[in-house]
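**Student:** One structure is given below, represented as structure tokens, and several questions about it will come after.
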Amino acid sequence: QVQLVESGGGLVQPGESLRLSCAASGFTISMYAMSWYRQAPGKERELVAGISTSGGSPNYADSVKGRFTISRDNAANTVYLQMSSLKPEDTAVYYCRAVRVRVYWGQGTQVTVSS
């Protein structure tokens with residue numbers, strides 16, 4: 001059974017950090033481009049960061065550049081999103097996506113940034 005399971009979300013104050021994890025099972029992420037998306041209430045889902053199969057040249061949304069870092073550990077079959085200097089506008093459900101021929105999504109993890 002193919003699954004992507006996100007974890008690491010929670011409630012933090014502005015300026016704090018979180019690390020999200022996306023653990024894959026039922027397939028090997030090494031052959032997949034991986035990315036993180038987020039969806040805030042009342043807004044469309046948007047791309048946050050993406051990383052190629054090799055891990056080189058990650059791309060980021062302008063709103064998170066310099067604050068978020070995407071990485072992958074193919075041996076662990078896991079993708080990460082390190083989020084620093086969090087802002088209230090980063091509040092959203094964060095989703096992991098895997099793409100090759102098929103597209104797989106995780107169920108999401110809530111991140112809330114509030115004082």
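For the structure tokens, the naming scheme is as follows: chains receive sequential letters (A, B, ...) according to their order of presentation, residues are indexed from 1 within each chain, and ligands are indexed from 1 in presentation order.
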Check the DSSP output for the backbone and give back, as a PyMOL selection string, the residues of chain A in strand (DSSP E).
**Tutor:** chain A and resi 3-7+10-12+18-25+33-39+46-51+59-60+68-73+78-83+92-99+103-105+109-113
**Student:** Considering only C-alpha atoms, return as a count of residues only whatever protein or nucleic-acid residues lie within 12 Å of A:Ser57, sequence-local ones (same chain, fewer than 6 positions apart) excluded.
**Tutor:** 7
**Student:** Could you state the separation of atom CA of A:Tyr80 and atom CA of A:Val101 in Å, given to one decimal place?
**Tutor:**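 A separation of 21.8 Å between them.
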**Student:** Excluding A:Val48 and any residue of its chain fewer than 5 positions from it, enumerate the residues within 6 Å of it, using only C-alpha atoms, and give them as number ranges by chain.
**Tutor:** A: 36-37, 60-61
**Student:** Include N, CA, C and O atoms and write out the residues we just selected as an mmCIF file, in the first residue's frame.
**Tutor:**
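File produced: selection21.cif:
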```cif
data_model
loop_
_atom_site.group_PDB
_atom_site.id
_atom_site.type_symbol
_atom_site.label_atom_id
_atom_site.label_comp_id
_atom_site.auth_asym_id
_atom_site.auth_seq_id
_atom_site.Cartn_x
_atom_site.Cartn_y
_atom_site.Cartn_z
ATOM 1 N N TRP A 36 6.740 19.839 -1.136
ATOM 2 C CA TRP A 36 5.832 20.217 -0.055
ATOM 3 C C TRP A 36 4.896 21.304 -0.569
ATOM 4 O O TRP A 36 5.339 22.255 -1.219
ATOM 5 N N TYR A 37 3.630 21.146 -0.256
ATOM 6 C CA TYR A 37 2.610 22.135 -0.557
ATOM 7 C C TYR A 37 1.956 22.542 0.765
ATOM 8 O O TYR A 37 2.100 21.855 1.780
ATOM 9 N N TYR A 60 11.967 26.975 -4.289
ATOM 10 C CA TYR A 60 11.147 27.466 -3.180
ATOM 11 C C TYR A 60 10.198 28.565 -3.644
ATOM 12 O O TYR A 60 10.519 29.339 -4.544
ATOM 13 N N ALA A 61 9.071 28.638 -2.970
ATOM 14 C CA ALA A 61 8.195 29.783 -3.146
ATOM 15 C C ALA A 61 8.917 31.021 -2.623
ATOM 16 O O ALA A 61 9.679 30.955 -1.655
#
```
**Student:** Name the residues in contact with A:Val111 at a cut-off of 10 Å, using only C-alpha atoms, excluding same-chain residues fewer than 4 positions from it; report them as number ranges by chain.
**Tutor:** A: 8-12, 18, 20, 38, 40, 86, 88, 90-94
**Student:** Quick one: everything within 12 Å of A:Met34, counting only C-alpha atoms, minus sequence neighbours fewer than 2 positions away in the same chain. Send it as a VMD selection string.
**Tutor:** chain A and resid 4 21 to 24 28 to 32 36 to 37 47 to 56 58 to 59 70 to 74 77 to 81 95 to 100 102 to 106
**Student:** I need the residues from that last selection saved to file as a compact mmCIF listing (two decimals), in the first residue's frame (with N, CA and C atoms), if you can.
**Tutor:**
```
# COMPACT_ATOMS: atom_id res chain seq x y z
N LEU A 4 2.10 8.21 2.01
CA LEU A 4 2.97 9.30 2.45
C LEU A 4 2.39 9.80 3.76
N SER A 21 8.42 16.07 8.57
CA SER A 21 8.91 14.85 7.92
C SER A 21 7.79 14.25 7.08
N CYS A 22 8.20 13.60 6.01
CA CYS A 22 7.26 12.89 5.14
C CYS A 22 7.85 11.51 4.88
N ALA A 23 7.28 10.52 5.52
CA ALA A 23 7.77 9.15 5.40
C ALA A 23 6.95 8.39 4.36
N ALA A 24 7.64 7.81 3.39
CA ALA A 24 6.97 7.07 2.33
C ALA A 24 7.02 5.58 2.60
N THR A 28 9.52 3.58 -3.48
CA THR A 28 10.83 4.16 -3.16
C THR A 28 10.90 5.56 -3.71
N ILE A 29 11.15 6.51 -2.81
CA ILE A 29 11.12 7.90 -3.24
C ILE A 29 12.29 8.29 -4.12
N SER A 30 13.32 7.46 -4.19
CA SER A 30 14.52 7.85 -4.95
C SER A 30 14.22 8.13 -6.41
N MET A 31 13.16 7.55 -6.94
CA MET A 31 12.80 7.75 -8.34
C MET A 31 11.76 8.86 -8.52
N TYR A 32 11.40 9.54 -7.45
CA TYR A 32 10.32 10.52 -7.48
C TYR A 32 10.83 11.91 -7.15
N TRP A 36 6.74 19.84 -1.14
CA TRP A 36 5.83 20.22 -0.06
C TRP A 36 4.90 21.30 -0.57
N TYR A 37 3.63 21.15 -0.26
CA TYR A 37 2.61 22.14 -0.56
C TYR A 37 1.96 22.54 0.77
N LEU A 47 2.48 25.54 -3.87
CA LEU A 47 3.79 24.90 -3.76
C LEU A 47 4.66 25.69 -2.80
N VAL A 48 5.28 24.98 -1.87
CA VAL A 48 6.21 25.60 -0.93
C VAL A 48 7.64 25.35 -1.35
N ALA A 49 7.96 24.08 -1.62
CA ALA A 49 9.33 23.72 -1.98
C ALA A 49 9.33 22.40 -2.73
N GLY A 50 10.28 22.24 -3.63
CA GLY A 50 10.41 21.01 -4.38
C GLY A 50 11.86 20.60 -4.48
N ILE A 51 12.08 19.29 -4.65
CA ILE A 51 13.43 18.77 -4.75
C ILE A 51 13.46 17.63 -5.74
N SER A 52 14.49 17.60 -6.57
CA SER A 52 14.60 16.58 -7.61
C SER A 52 15.04 15.24 -7.03
N THR A 53 15.07 14.23 -7.87
CA THR A 53 15.47 12.89 -7.42
C THR A 53 16.89 12.88 -6.86
N SER A 54 17.75 13.71 -7.43
CA SER A 54 19.14 13.74 -6.97
C SER A 54 19.34 14.61 -5.74
N GLY A 55 18.35 15.43 -5.44
CA GLY A 55 18.49 16.35 -4.32
C GLY A 55 19.09 17.69 -4.69
N GLY A 56 19.48 17.85 -5.94
CA GLY A 56 20.11 19.09 -6.35
C GLY A 56 19.08 20.14 -6.75
N PRO A 58 17.08 22.55 -5.34
CA PRO A 58 15.72 22.68 -4.82
C PRO A 58 15.13 24.03 -5.20
N ASN A 59 13.82 24.09 -5.30
CA ASN A 59 13.15 25.34 -5.60
C ASN A 59 12.18 25.69 -4.48
N ILE A 70 14.24 22.32 2.06
CA ILE A 70 13.76 20.98 1.77
C ILE A 70 14.96 20.06 1.59
N SER A 71 14.83 18.84 2.08
CA SER A 71 15.91 17.87 1.90
C SER A 71 15.29 16.48 1.80
N ARG A 72 16.09 15.54 1.34
CA ARG A 72 15.60 14.18 1.20
C ARG A 72 16.66 13.19 1.65
N ASP A 73 16.20 12.11 2.24
CA ASP A 73 17.06 11.01 2.63
C ASP A 73 16.50 9.77 1.95
N ASN A 74 17.04 9.46 0.78
CA ASN A 74 16.49 8.35 0.02
C ASN A 74 16.65 7.02 0.76
N ASN A 77 13.91 6.85 2.96
CA ASN A 77 12.63 7.00 2.26
C ASN A 77 11.79 8.13 2.84
N THR A 78 12.48 9.23 3.15
CA THR A 78 11.85 10.34 3.86
C THR A 78 12.30 11.68 3.28
N VAL A 79 11.37 12.61 3.26
CA VAL A 79 11.65 13.98 2.84
C VAL A 79 11.36 14.89 4.03
N TYR A 80 12.13 15.95 4.12
CA TYR A 80 12.00 16.86 5.25
C TYR A 80 11.75 18.29 4.77
N LEU A 81 11.15 19.07 5.65
CA LEU A 81 11.03 20.51 5.42
C LEU A 81 11.40 21.20 6.73
N TYR A 95 1.32 19.56 3.06
CA TYR A 95 1.19 18.28 2.39
C TYR A 95 2.47 17.91 1.67
N CYS A 96 2.76 16.64 1.66
CA CYS A 96 3.88 16.09 0.92
C CYS A 96 3.34 15.49 -0.38
N ARG A 97 4.11 15.64 -1.47
CA ARG A 97 3.70 15.10 -2.75
C ARG A 97 4.88 14.40 -3.41
N ALA A 98 4.58 13.27 -4.03
CA ALA A 98 5.58 12.52 -4.79
C ALA A 98 5.11 12.40 -6.23
N VAL A 99 5.99 12.69 -7.17
CA VAL A 99 5.61 12.66 -8.58
C VAL A 99 6.64 11.88 -9.40
N ARG A 100 6.14 10.94 -10.16
CA ARG A 100 6.95 10.35 -11.22
C ARG A 100 6.02 10.24 -12.41
N ARG A 102 2.93 8.65 -11.67
CA ARG A 102 1.78 8.89 -10.79
C ARG A 102 2.10 9.98 -9.80
N VAL A 103 1.06 10.51 -9.20
CA VAL A 103 1.18 11.51 -8.16
C VAL A 103 0.59 10.96 -6.87
N TYR A 104 1.37 11.04 -5.81
CA TYR A 104 0.89 10.61 -4.50
C TYR A 104 0.91 11.80 -3.55
N TRP A 105 -0.12 11.87 -2.71
CA TRP A 105 -0.23 12.92 -1.70
C TRP A 105 -0.32 12.30 -0.32
N GLY A 106 0.21 13.02 0.65
CA GLY A 106 -0.01 12.65 2.04
C GLY A 106 -1.31 13.27 2.55
```
**Student:** Do you have the atom CA of A:Glu16-atom CA of A:Gln110 distance handy?
**Tutor:**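 Rounded to one decimal, the two atoms are 15.3 Å apart.
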